[in-house]
$ cat target_16.tsv   # TSV, C-alpha atoms
chain	number	residue	atom	x	y	z
U	1	MET	CA	17.28	-101.61	60.93
U	2	GLU	CA	18.68	-99.04	63.33
U	3	ASN	CA	18.62	-96.39	60.60
U	4	LEU	CA	14.94	-97.14	60.01
U	5	GLN	CA	14.19	-96.79	63.72
U	6	LEU	CA	16.08	-93.48	63.82
U	7	PHE	CA	14.10	-92.28	60.83
U	8	LEU	CA	10.82	-93.27	62.49
U	9	VAL	CA	11.78	-91.26	65.60
U	10	ASP	CA	13.68	-88.29	64.20
U	11	ALA	CA	12.07	-87.69	60.79
U	12	PRO	CA	10.47	-84.26	60.31
U	13	ALA	CA	6.70	-84.27	60.65
U	14	TRP	CA	6.15	-83.18	57.04
U	15	LEU	CA	8.40	-85.95	55.70
U	16	TRP	CA	6.75	-88.56	57.93
U	17	ASN	CA	3.30	-87.48	56.78
U	18	LEU	CA	4.42	-87.52	53.15
U	19	VAL	CA	5.72	-91.08	53.58
U	20	LEU	CA	2.42	-92.19	55.10
U	21	PHE	CA	0.54	-90.52	52.23
U	22	GLY	CA	2.73	-92.32	49.68
U	23	LEU	CA	2.28	-95.58	51.58
U	24	ALA	CA	-1.53	-95.20	51.48
U	25	VAL	CA	-1.46	-94.59	47.72
U	26	ALA	CA	0.95	-97.48	47.15
U	27	VAL	CA	-1.07	-99.95	49.28
U	28	GLY	CA	-4.29	-98.93	47.54
U	29	LEU	CA	-2.82	-99.40	44.07
U	30	LEU	CA	-1.08	-102.63	45.14
U	31	PHE	CA	-4.38	-104.01	46.42
U	32	LYS	CA	-5.93	-103.29	43.03
U	33	LEU	CA	-2.94	-104.80	41.18
U	34	ILE	CA	-3.41	-108.03	43.16
U	35	MET	CA	-7.04	-108.13	42.06
U	36	ILE	CA	-6.33	-107.29	38.37
U	37	PRO	CA	-5.71	-110.91	37.20
U	38	VAL	CA	-9.03	-112.03	38.69
U	39	ILE	CA	-10.83	-108.99	37.32
U	40	ARG	CA	-9.38	-109.46	33.85
U	41	TRP	CA	-10.30	-113.13	33.85
U	42	LYS	CA	-13.88	-112.39	34.85
U	43	ALA	CA	-14.22	-109.31	32.63
U	44	VAL	CA	-13.08	-110.81	29.33
U	45	ASP	CA	-15.34	-109.36	26.64
U	46	ASP	CA	-16.87	-112.34	24.83
U	47	GLY	CA	-19.57	-110.28	23.09
U	48	ARG	CA	-22.23	-111.15	25.67
U	49	TYR	CA	-23.60	-108.95	28.46
U	50	SER	CA	-22.17	-109.48	31.93
U	51	LEU	CA	-23.20	-107.60	35.07
U	52	PHE	CA	-19.69	-108.07	36.49
U	53	ARG	CA	-18.11	-106.70	33.28
U	54	SER	CA	-20.44	-103.71	33.38
U	55	ALA	CA	-19.50	-103.06	37.04
U	56	VAL	CA	-15.77	-103.25	36.26
U	57	ARG	CA	-16.13	-100.86	33.33
U	58	HIS	CA	-18.03	-98.25	35.33
U	59	LEU	CA	-16.23	-98.53	38.70
U	60	ASN	CA	-12.66	-99.06	37.52
U	61	LYS	CA	-11.50	-95.42	37.59
U	62	VAL	CA	-13.23	-94.33	40.78
U	63	ILE	CA	-11.77	-97.32	42.67
U	64	ASN	CA	-8.29	-96.02	41.76
U	65	VAL	CA	-9.07	-92.97	43.89
U	66	PHE	CA	-11.28	-94.56	46.55
U	67	LEU	CA	-8.80	-97.23	47.75
U	68	PRO	CA	-5.90	-94.79	48.46
U	69	ILE	CA	-8.30	-92.48	50.34
U	70	LEU	CA	-9.56	-95.46	52.36
U	71	PHE	CA	-6.03	-96.49	53.37
U	72	LEU	CA	-5.06	-92.86	54.02
U	73	ASN	CA	-7.98	-92.59	56.44
U	74	ALA	CA	-6.75	-95.77	58.19
U	75	LEU	CA	-3.21	-94.32	58.53
U	76	LYS	CA	-4.41	-90.90	59.68
U	77	PRO	CA	-4.00	-91.67	63.43
U	78	PHE	CA	-0.27	-92.31	62.82
U	79	MET	CA	0.31	-88.89	61.23
U	80	ARG	CA	2.11	-86.16	63.15
U	81	LEU	CA	-0.30	-83.27	62.84
U	82	SER	CA	-1.02	-80.20	64.90
U	83	PRO	CA	-4.63	-79.85	66.09
U	84	ARG	CA	-5.28	-77.24	63.37
U	85	TRP	CA	-3.89	-79.37	60.54
U	86	ALA	CA	-5.54	-82.49	61.93
U	87	GLY	CA	-8.91	-80.74	61.49
U	88	VAL	CA	-8.03	-79.70	57.93
U	89	VAL	CA	-6.93	-83.24	56.99
U	90	ASP	CA	-10.10	-84.70	58.55
U	91	GLN	CA	-12.26	-82.29	56.54
U	92	VAL	CA	-10.39	-82.96	53.26
U	93	ILE	CA	-10.67	-86.73	53.70
U	94	GLU	CA	-14.36	-86.39	54.59
U	95	ILE	CA	-15.02	-84.31	51.44
U	96	LEU	CA	-13.08	-86.78	49.28
U	97	PHE	CA	-15.12	-89.64	50.73
U	98	MET	CA	-18.35	-87.77	49.95
U	99	VAL	CA	-17.31	-87.08	46.36
U	100	CYS	CA	-16.12	-90.67	45.80
U	101	PHE	CA	-19.29	-92.06	47.32
U	102	ALA	CA	-21.39	-89.81	45.06
U	103	ILE	CA	-19.43	-90.95	41.98
U	104	ILE	CA	-19.86	-94.60	43.03
U	105	VAL	CA	-23.62	-94.12	43.43
U	106	ILE	CA	-23.79	-92.51	39.97
U	107	ARG	CA	-21.77	-95.39	38.51
U	108	ILE	CA	-24.09	-97.92	40.20
U	109	ILE	CA	-27.05	-96.13	38.60
U	110	ARG	CA	-25.35	-96.55	35.21
U	111	ILE	CA	-24.76	-100.25	35.93
U	112	ALA	CA	-28.46	-100.67	36.71
U	113	GLU	CA	-29.33	-98.85	33.48
U	114	ASP	CA	-27.04	-101.16	31.49
U	115	ASN	CA	-28.79	-104.16	33.03
U	116	VAL	CA	-32.23	-102.81	32.10
U	117	ASN	CA	-31.07	-101.97	28.56
U	118	HIS	CA	-29.75	-105.52	28.18
U	119	ARG	CA	-33.05	-107.04	29.27
U	120	PHE	CA	-35.05	-104.76	26.98
U	121	ASP	CA	-33.14	-104.49	23.69
U	122	TYR	CA	-34.74	-101.84	21.46
U	123	HIS	CA	-32.82	-103.09	18.42
U	124	ALA	CA	-35.23	-106.04	18.21
U	125	ALA	CA	-37.92	-106.06	15.51
U	126	ASP	CA	-40.81	-105.71	18.00
U	127	ASN	CA	-39.29	-103.09	20.30
U	128	LEU	CA	-42.29	-101.12	21.57
U	129	LYS	CA	-41.97	-102.28	25.19
U	130	ALA	CA	-38.18	-101.89	25.10
U	131	ARG	CA	-38.48	-98.28	23.89
U	132	LYS	CA	-41.00	-97.53	26.65
U	133	ILE	CA	-38.70	-98.92	29.35
U	134	ARG	CA	-35.56	-97.28	27.91
U	135	THR	CA	-37.22	-93.84	27.78
U	136	GLN	CA	-38.31	-94.09	31.42
U	137	THR	CA	-34.95	-95.52	32.52
U	138	GLN	CA	-32.99	-92.75	30.81
U	139	PHE	CA	-35.11	-90.02	32.39
U	140	ILE	CA	-34.98	-91.59	35.87
U	141	ARG	CA	-31.20	-92.05	35.60
U	142	LYS	CA	-30.63	-88.40	34.69
U	143	LEU	CA	-32.95	-87.22	37.44
U	144	LEU	CA	-31.22	-89.41	40.06
U	145	VAL	CA	-27.79	-88.17	38.93
U	146	VAL	CA	-28.90	-84.56	39.34
U	147	LEU	CA	-30.27	-85.35	42.84
U	148	VAL	CA	-27.04	-87.10	43.86
U	149	VAL	CA	-24.92	-84.17	42.63
U	150	VAL	CA	-27.12	-81.59	44.39
U	151	VAL	CA	-27.21	-83.54	47.68
U	152	THR	CA	-23.44	-84.11	47.57
U	153	LEU	CA	-22.73	-80.45	46.85
U	154	ALA	CA	-25.02	-79.38	49.69
U	155	THR	CA	-23.37	-81.87	52.09
U	156	VAL	CA	-19.88	-80.68	51.15
U	157	LEU	CA	-20.85	-77.03	51.68
U	158	LEU	CA	-22.27	-77.87	55.12
U	159	THR	CA	-18.81	-79.07	56.23
U	160	PHE	CA	-17.63	-75.44	56.04
U	161	GLU	CA	-18.77	-73.27	58.91
U	162	SER	CA	-18.89	-70.15	56.72
U	163	MET	CA	-21.22	-71.92	54.29
U	164	GLN	CA	-23.57	-72.80	57.16
U	165	LYS	CA	-23.84	-69.12	58.04
U	166	ILE	CA	-24.56	-68.24	54.42
U	167	GLY	CA	-27.24	-70.93	54.34
U	168	ALA	CA	-28.86	-69.49	57.48
U	169	GLY	CA	-28.80	-66.04	55.86
U	170	LEU	CA	-30.47	-67.38	52.73
U	171	LEU	CA	-33.18	-69.04	54.79
U	172	THR	CA	-33.92	-65.65	56.40
U	173	GLY	CA	-34.66	-64.15	52.99
U	174	VAL	CA	-36.43	-67.21	51.61
U	175	GLY	CA	-39.69	-65.29	51.08
U	176	LEU	CA	-38.45	-62.71	48.59
U	177	GLY	CA	-35.72	-65.02	47.28
U	178	GLY	CA	-38.21	-67.80	46.65
U	179	ILE	CA	-40.42	-65.48	44.58
U	180	ILE	CA	-37.45	-64.24	42.52
U	181	ILE	CA	-36.10	-67.76	41.96
U	182	GLY	CA	-39.59	-68.98	41.09
U	183	PHE	CA	-39.97	-66.42	38.31
U	184	ALA	CA	-36.41	-66.95	37.08
U	185	ALA	CA	-36.75	-70.74	36.97
U	186	GLN	CA	-40.32	-70.85	35.65
U	187	LYS	CA	-39.31	-72.06	32.19
U	188	SER	CA	-36.82	-74.60	33.52
U	189	LEU	CA	-39.34	-76.00	35.99
U	190	GLY	CA	-41.90	-76.20	33.18
U	191	ASN	CA	-39.46	-78.24	31.10
U	192	LEU	CA	-38.68	-80.48	34.07
U	193	LEU	CA	-42.38	-81.16	34.70
U	194	ALA	CA	-42.85	-81.76	30.99
U	195	GLY	CA	-40.00	-84.28	31.20
U	196	PHE	CA	-41.83	-86.13	33.98
U	197	GLN	CA	-45.02	-86.16	31.92
U	198	ILE	CA	-43.25	-87.45	28.81
U	199	ALA	CA	-41.32	-90.13	30.73
U	200	PHE	CA	-44.46	-91.69	32.16
U	201	THR	CA	-47.27	-90.86	29.68
U	202	GLN	CA	-44.83	-91.39	26.78
U	203	PRO	CA	-46.16	-89.48	23.77
U	204	ILE	CA	-42.58	-89.99	22.53
U	205	ARG	CA	-39.93	-92.62	23.26
U	206	ILE	CA	-36.32	-93.31	22.38
U	207	ASP	CA	-36.06	-94.44	18.71
U	208	ASP	CA	-39.59	-93.21	17.85
U	209	VAL	CA	-40.01	-91.97	14.28
U	210	LEU	CA	-41.39	-88.41	14.26
U	211	VAL	CA	-42.29	-85.72	11.77
U	212	VAL	CA	-41.61	-82.38	13.53
U	213	GLU	CA	-41.37	-78.95	11.95
U	214	GLY	CA	-41.54	-80.63	8.54
U	215	GLU	CA	-38.53	-82.87	9.33
U	216	TRP	CA	-38.55	-86.70	9.46
U	217	GLY	CA	-36.25	-88.41	11.93
U	218	LYS	CA	-35.77	-90.69	14.93
U	219	ILE	CA	-35.50	-89.64	18.58
U	220	GLU	CA	-31.87	-90.07	19.56
U	221	GLU	CA	-31.87	-88.64	23.08
U	222	ILE	CA	-34.35	-87.35	25.68
U	223	THR	CA	-32.82	-85.19	28.42
U	224	LEU	CA	-34.42	-83.36	31.33
U	225	THR	CA	-34.84	-80.22	29.22
U	226	TYR	CA	-34.59	-81.03	25.51
U	227	VAL	CA	-35.04	-83.75	22.88
U	228	VAL	CA	-32.56	-84.60	20.08
U	229	LEU	CA	-34.10	-85.70	16.77
U	230	ASN	CA	-31.73	-87.52	14.40
U	231	ILE	CA	-32.96	-86.40	10.96
U	232	TRP	CA	-32.70	-88.78	8.01
U	233	ASP	CA	-29.80	-86.83	6.44
U	234	LYS	CA	-27.77	-86.98	9.72
U	235	ARG	CA	-28.64	-83.45	10.86
U	236	ARG	CA	-29.81	-83.02	14.46
U	237	LEU	CA	-32.93	-81.07	15.41
U	238	ILE	CA	-32.86	-79.91	19.05
U	239	LEU	CA	-36.26	-79.12	20.58
U	240	PRO	CA	-37.24	-78.10	24.13
U	241	ILE	CA	-39.00	-80.98	25.84
U	242	GLN	CA	-42.03	-78.78	26.52
U	243	TYR	CA	-42.56	-78.55	22.73
U	244	PHE	CA	-43.96	-82.10	22.76
U	245	ILE	CA	-46.54	-81.18	25.39
U	246	GLU	CA	-47.75	-77.93	23.85
U	247	ARG	CA	-47.57	-78.46	20.06
U	248	PRO	CA	-48.82	-81.11	17.62
U	249	PHE	CA	-46.42	-83.50	15.88
U	250	GLN	CA	-46.57	-86.82	14.04
U	251	ASN	CA	-45.41	-90.00	15.78
U	252	TRP	CA	-45.21	-92.88	13.30
U	253	THR	CA	-44.32	-95.50	15.91
U	254	ARG	CA	-46.62	-94.55	18.80
U	255	THR	CA	-48.27	-97.99	19.11
U	256	SER	CA	-46.33	-100.01	16.52
U	257	ALA	CA	-43.69	-99.54	13.84
U	258	GLU	CA	-45.95	-100.86	11.05
U	259	ILE	CA	-46.90	-98.28	8.44
U	260	LEU	CA	-48.61	-98.01	5.07
U	261	GLY	CA	-46.63	-96.73	2.10
U	262	THR	CA	-48.26	-94.87	-0.80
U	263	VAL	CA	-47.23	-94.28	-4.40
U	264	PHE	CA	-49.18	-91.86	-6.63
U	265	ILE	CA	-49.02	-92.06	-10.43
U	266	HIS	CA	-50.81	-89.72	-12.85
U	267	THR	CA	-51.77	-91.44	-16.08
U	268	ASP	CA	-53.92	-91.01	-19.12
U	269	PHE	CA	-57.51	-92.31	-19.01
U	270	THR	CA	-56.59	-95.12	-21.42
U	271	VAL	CA	-54.58	-97.04	-18.82
U	272	SER	CA	-56.05	-100.28	-17.48
U	273	VAL	CA	-56.24	-100.08	-13.69
U	274	ASP	CA	-56.46	-103.88	-13.49
U	275	VAL	CA	-53.13	-104.14	-15.34
U	276	VAL	CA	-51.50	-101.77	-12.85
U	277	ARG	CA	-53.05	-103.76	-9.99
U	278	ASP	CA	-51.63	-107.02	-11.32
U	279	GLU	CA	-48.20	-105.46	-11.83
U	280	LEU	CA	-48.14	-104.15	-8.25
U	281	THR	CA	-48.98	-107.63	-6.97
U	282	ARG	CA	-46.14	-109.08	-9.04
U	283	LEU	CA	-43.69	-106.48	-7.71
U	284	LEU	CA	-44.65	-107.01	-4.07
U	285	THR	CA	-44.90	-110.80	-4.04
U	286	GLY	CA	-41.76	-112.21	-2.49
U	287	HIS	CA	-40.15	-108.81	-1.93
U	288	GLU	CA	-38.20	-108.68	1.37
U	289	LEU	CA	-39.51	-105.22	2.34
U	290	TRP	CA	-43.22	-106.09	1.99
U	291	ASP	CA	-44.86	-107.62	5.07
U	292	GLY	CA	-47.61	-109.32	3.05
U	293	GLN	CA	-50.53	-107.47	4.67
U	294	VAL	CA	-51.75	-104.69	2.33
U	295	ASN	CA	-51.63	-104.57	-1.48
U	296	VAL	CA	-54.20	-102.19	-2.95
U	297	VAL	CA	-54.58	-100.04	-6.09
U	298	HIS	CA	-57.27	-97.34	-6.29
U	299	VAL	CA	-58.13	-94.46	-8.57
U	300	THR	CA	-58.20	-91.68	-5.99
U	301	ASP	CA	-58.82	-88.61	-8.21
U	302	VAL	CA	-59.79	-87.61	-11.73
U	303	LYS	CA	-58.79	-84.30	-13.31
U	304	GLU	CA	-59.39	-82.79	-16.74
U	305	GLN	CA	-56.46	-84.55	-18.43
U	306	THR	CA	-55.24	-87.27	-16.02
U	307	MET	CA	-56.40	-89.69	-13.42
U	308	GLU	CA	-54.58	-90.30	-10.17
U	309	ILE	CA	-53.76	-93.91	-9.27
U	310	ARG	CA	-52.68	-94.72	-5.72
U	311	ALA	CA	-50.73	-97.87	-4.91
U	312	LEU	CA	-50.94	-98.79	-1.22
U	313	MET	CA	-48.60	-101.28	0.47
U	314	SER	CA	-47.74	-102.20	4.07
U	315	CYS	CA	-44.28	-102.45	5.67
U	316	ARG	CA	-42.77	-103.33	9.02
U	317	ASN	CA	-41.40	-99.83	9.65
U	318	SER	CA	-41.07	-96.40	8.07
U	319	GLY	CA	-37.51	-96.91	6.82
U	320	GLU	CA	-38.48	-100.01	4.85
U	321	ALA	CA	-41.65	-98.24	3.64
U	322	TRP	CA	-39.55	-95.46	2.11
U	323	GLU	CA	-37.34	-97.92	0.25
U	324	LEU	CA	-40.31	-99.98	-0.97
U	325	ARG	CA	-42.18	-96.90	-2.19
U	326	CYS	CA	-39.18	-95.80	-4.25
U	327	TYR	CA	-38.83	-99.31	-5.69
U	328	VAL	CA	-42.51	-99.59	-6.62
U	329	ARG	CA	-42.62	-96.09	-8.09
U	330	GLU	CA	-39.63	-96.76	-10.35
U	331	LYS	CA	-40.85	-100.18	-11.48
U	332	LEU	CA	-44.42	-99.04	-12.22
U	333	ILE	CA	-43.17	-96.15	-14.35
U	334	ALA	CA	-40.77	-98.46	-16.21
U	335	PHE	CA	-43.61	-100.95	-16.74
U	336	LEU	CA	-45.92	-98.31	-18.22
U	337	GLN	CA	-43.12	-96.90	-20.39
U	338	GLU	CA	-42.33	-100.32	-21.82
U	339	ARG	CA	-45.75	-101.92	-22.15
U	340	TYR	CA	-48.23	-99.05	-22.38
U	341	PRO	CA	-46.38	-95.87	-23.40
U	342	GLN	CA	-49.60	-94.38	-24.75
U	343	SER	CA	-51.12	-94.43	-21.27
U	344	LEU	CA	-48.62	-92.00	-19.77
U	345	SER	CA	-49.81	-88.50	-19.06
U	346	ARG	CA	-49.49	-86.26	-22.09
U	347	THR	CA	-50.94	-83.15	-23.71
U	348	ARG	CA	-52.65	-83.71	-27.06
U	349	VAL	CA	-53.21	-81.27	-29.88
U	350	GLU	CA	-55.73	-82.13	-32.57
U	351	LEU	CA	-55.62	-80.38	-35.96
U	352	VAL	CA	-58.97	-80.08	-37.65
U	353	GLU	CA	-59.05	-79.44	-41.38
U	354	HIS	CA	-61.72	-77.13	-42.72

$ encode --input "target_16.tsv" --output "structure tokens"
Amino acid sequence: MENLQLFLVDAPAWLWNLVLFGLAVAVGLLFKLIMIPVIRWKAVDDGRYSLFRSAVRHLNKVINVFLPILFLNALKPFMRLSPRWAGVVDQVIEILFMVCFAIIVIRIIRIAEDNVNHRFDYHAADNLKARKIRTQTQFIRKLLVVLVVVVTLATVLLTFESMQKIGAGLLTGVGLGGIIIGFAAQKSLGNLLAGFQIAFTQPIRIDDVLVVEGEWGKIEEITLTYVVLNIWDKRRLILPIQYFIERPFQNWTRTSAEILGTVFIHTDFTVSVDVVRDELTRLLTGHELWDGQVNVVHVTDVKEQTMEIRALMSCRNSGEAWELRCYVREKLIAFLQERYPQSLSRTRVELVEH
């Protein structure tokens, strides 16, 4: 006990401060270790959504840093610091608090986004409203994160006296500087404004099926400046967000995912259209990909040697329509080959004897 008292009185300032720093870290981590059994019990992943589990997942790492800084701030009055170093330590702790607070705010935004995504699941069959909400939520989250980062960076810089002088100097030249920055950032600002327009007017949404630049795919991500299209063969098409304001494109799921599938077959004039119509009905009836709404066969064109027959069928979404079209096309050709081979398109040569 006496040795401890002697250490408390006679220890060098740097060693004493180092001990207090280690004590703050240890107390912070110990406090978290005490809470771990409760957290683990509450955060057991049972396959269902939990707001508490989402909060633990997002805040776990930042709390590891925040708690030691909190206890270090509480022990700061007991440190043996010169006035100069006391100011430095105060500033460092203040900056660390700002950064931790910014990270916590960003994590809370992610928790809120998780909650919204749980309430509006876009994996459901009728997901139009969910895709609307998710698109807006994603854009708002990214915008808020950018604002938090910018505000935090500005606040940190204002803690340095030299940075305040630089800021005052920049404000003096704001006229010319504003014009230069305006021209330099014109394209970026245009994309940002386009992002606002897309988020709230929603010509496109997350998981929409688009045909852009001759490519078919689903929207995988919408950022503040660009859109990622997941093409059917797993390639990614990256497009500036302003593209969807200035140029035409096809959106197959704008109001609903339902779509009509078409199959074209060119046959000889001897084919019976009624037979093809009956066969299409037989193929579609009871098929899991057909939604039971549209089942139509028409002769849509006649050329010198063939006629064009169009089979029209309805599906719940474009992916199922593609599969059903391939199935119907294959089965109709096989049917004509087996039952009416003479009706298939062919070129005839007639020899006339003189």

$ residues_around --input "target_16.tsv" --residues "segment 252-257 of chain U" --least-positions-apart "4" --cutoff "10 Å" --atoms "only C-alpha atoms" --output "list in words"
Ala125, Asp126, Asn127, Leu128, Lys129, Gln202, Pro203, Ile204, Arg205, Asp207, Asp208, Val209, Leu210, Val211, Trp216, Lys218, Cys315, Arg316, Asn317, Ser318 and Gly319 of chain U

$ atom_distance --input "target_16.tsv" --atom1 "atom CA of Val276 of chain U" --atom2 "atom CA of Thr300 of chain U"
13.9 Å

$ closest_residue --input "target_16.tsv" --among "U:Thr281, U:Gln138, U:Ala102, U:Val328" --to "Glu220 of chain U" --atoms "all atoms listed in the file"
U:Gln138

$ residues_around --input "target_16.tsv" --residues "Ala321 of chain U" --least-positions-apart "4" --cutoff "9 Å" --atoms "all atoms listed in the file" --output "count of residues only"
14

$ residues_near_point --input "target_16.tsv" --point "(-42.1, -100.0, -6.5)" --cutoff "12 Å" --atoms "only C-alpha atoms" --output "VMD selection string"
chain U and resid 261 to 265 276 279 to 285 287 289 to 290 295 310 to 313 320 to 335

$ write_last_selection --input "target_16.tsv" --atoms "C-alpha atoms" --output "compact mmCIF listing (two decimals), keeping the file's coordinate frame"
# COMPACT_ATOMS: atom_id res chain seq x y z
CA GLY U 261 -46.63 -96.73 2.10
CA THR U 262 -48.26 -94.87 -0.80
CA VAL U 263 -47.23 -94.28 -4.40
CA PHE U 264 -49.18 -91.86 -6.63
CA ILE U 265 -49.02 -92.06 -10.43
CA VAL U 276 -51.50 -101.77 -12.85
CA GLU U 279 -48.20 -105.46 -11.83
CA LEU U 280 -48.14 -104.15 -8.25
CA THR U 281 -48.98 -107.63 -6.97
CA ARG U 282 -46.14 -109.08 -9.04
CA LEU U 283 -43.69 -106.48 -7.71
CA LEU U 284 -44.65 -107.01 -4.07
CA THR U 285 -44.90 -110.80 -4.04
CA HIS U 287 -40.15 -108.81 -1.93
CA LEU U 289 -39.51 -105.22 2.34
CA TRP U 290 -43.22 -106.09 1.99
CA ASN U 295 -51.63 -104.57 -1.48
CA ARG U 310 -52.68 -94.72 -5.72
CA ALA U 311 -50.73 -97.87 -4.91
CA LEU U 312 -50.94 -98.79 -1.22
CA MET U 313 -48.60 -101.28 0.47
CA GLU U 320 -38.48 -100.01 4.85
CA ALA U 321 -41.65 -98.24 3.64
CA TRP U 322 -39.55 -95.46 2.11
CA GLU U 323 -37.34 -97.92 0.25
CA LEU U 324 -40.31 -99.98 -0.97
CA ARG U 325 -42.18 -96.90 -2.19
CA CYS U 326 -39.18 -95.80 -4.25
CA TYR U 327 -38.83 -99.31 -5.69
CA VAL U 328 -42.51 -99.59 -6.62
CA ARG U 329 -42.62 -96.09 -8.09
CA GLU U 330 -39.63 -96.76 -10.35
CA LYS U 331 -40.85 -100.18 -11.48
CA LEU U 332 -44.42 -99.04 -12.22
CA ILE U 333 -43.17 -96.15 -14.35
CA ALA U 334 -40.77 -98.46 -16.21
CA PHE U 335 -43.61 -100.95 -16.74

$ residues_around --input "target_16.tsv" --residues "segment 240-245 of chain U" --least-positions-apart "3" --cutoff "7 Å" --atoms "all atoms listed in the file" --output "VMD selection string"
chain U and resid 191 194 to 195 225 to 227

$ residues_around --input "target_16.tsv" --residues "Val271 of chain U" --least-positions-apart "5" --cutoff "12 Å" --atoms "only C-alpha atoms" --output "JSON list (two decimals) with C-alpha atoms, in the coordinates of the input"
[["chain", "number", "residue", "atom", "x", "y", "z"],
["U", 265, "ILE", "CA", -49.02, -92.06, -10.43],
["U", 266, "HIS", "CA", -50.81, -89.72, -12.85],
["U", 276, "VAL", "CA", -51.50, -101.77, -12.85],
["U", 277, "ARG", "CA", -53.05, -103.76, -9.99],
["U", 299, "VAL", "CA", -58.13, -94.46, -8.57],
["U", 306, "THR", "CA", -55.24, -87.27, -16.02],
["U", 307, "MET", "CA", -56.40, -89.69, -13.42],
["U", 308, "GLU", "CA", -54.58, -90.30, -10.17],
["U", 309, "ILE", "CA", -53.76, -93.91, -9.27],
["U", 335, "PHE", "CA", -43.61, -100.95, -16.74],
["U", 336, "LEU", "CA", -45.92, -98.31, -18.22],
["U", 337, "GLN", "CA", -43.12, -96.90, -20.39],
["U", 339, "ARG", "CA", -45.75, -101.92, -22.15],
["U", 340, "TYR", "CA", -48.23, -99.05, -22.38],
["U", 341, "PRO", "CA", -46.38, -95.87, -23.40],
["U", 342, "GLN", "CA", -49.60, -94.38, -24.75],
["U", 343, "SER", "CA", -51.12, -94.43, -21.27],
["U", 344, "LEU", "CA", -48.62, -92.00, -19.77],
["U", 345, "SER", "CA", -49.81, -88.50, -19.06]]

$ atom_distance --input "target_16.tsv" --atom1 "atom CA of Thr223 of chain U" --atom2 "atom CA of Asn117 of chain U"
16.9 Å

$ atom_distance --input "target_16.tsv" --atom1 "atom CA of Val88 of chain U" --atom2 "atom CA of Val65 of chain U"
19.3 Å

$ closest_residue --input "target_16.tsv" --among "U:Val212, U:Leu67, U:Leu147, U:Val156" --to "Ile231 of chain U" --atoms "only C-alpha atoms"
U:Val212

$ closest_residue --input "target_16.tsv" --among "U:Phe71, U:Glu350, U:Ile108, U:Leu30" --to "Leu51 of chain U" --atoms "only C-alpha atoms"
U:Ile108

$ closest_residue --input "target_16.tsv" --among "U:Gln197, U:Asn60, U:Asn73, U:Asn251" --to "Arg107 of chain U" --atoms "all atoms listed in the file"
U:Asn60

$ closest_residue --input "target_16.tsv" --among "U:Pro248, U:Gly292, U:Gly217, U:Pro68" --to "Arg236 of chain U" --atoms "all atoms listed in the file"
U:Gly217

$ closest_residue --input "target_16.tsv" --among "U:Val19, U:Ile103, U:Ala112, U:Leu75" --to "Phe52 of chain U" --atoms "only C-alpha atoms"
U:Ala112

$ residues_around --input "target_16.tsv" --residues "Lys142 of chain U" --least-positions-apart "2" --cutoff "10 Å" --atoms "all atoms listed in the file" --output "ChimeraX atom specification"
/U:106,109-110,137-140,144-148,222-224

$ axis_aligned_box --input "target_16.tsv" --around "segment 307-323 of chain U" --padding-each-side "8 Å" --output "JSON"
{"center_x": -46.9, "center_y": -96.5, "center_z": -1.9, "size_x": 35.1, "size_y": 29.6, "size_z": 39.1}
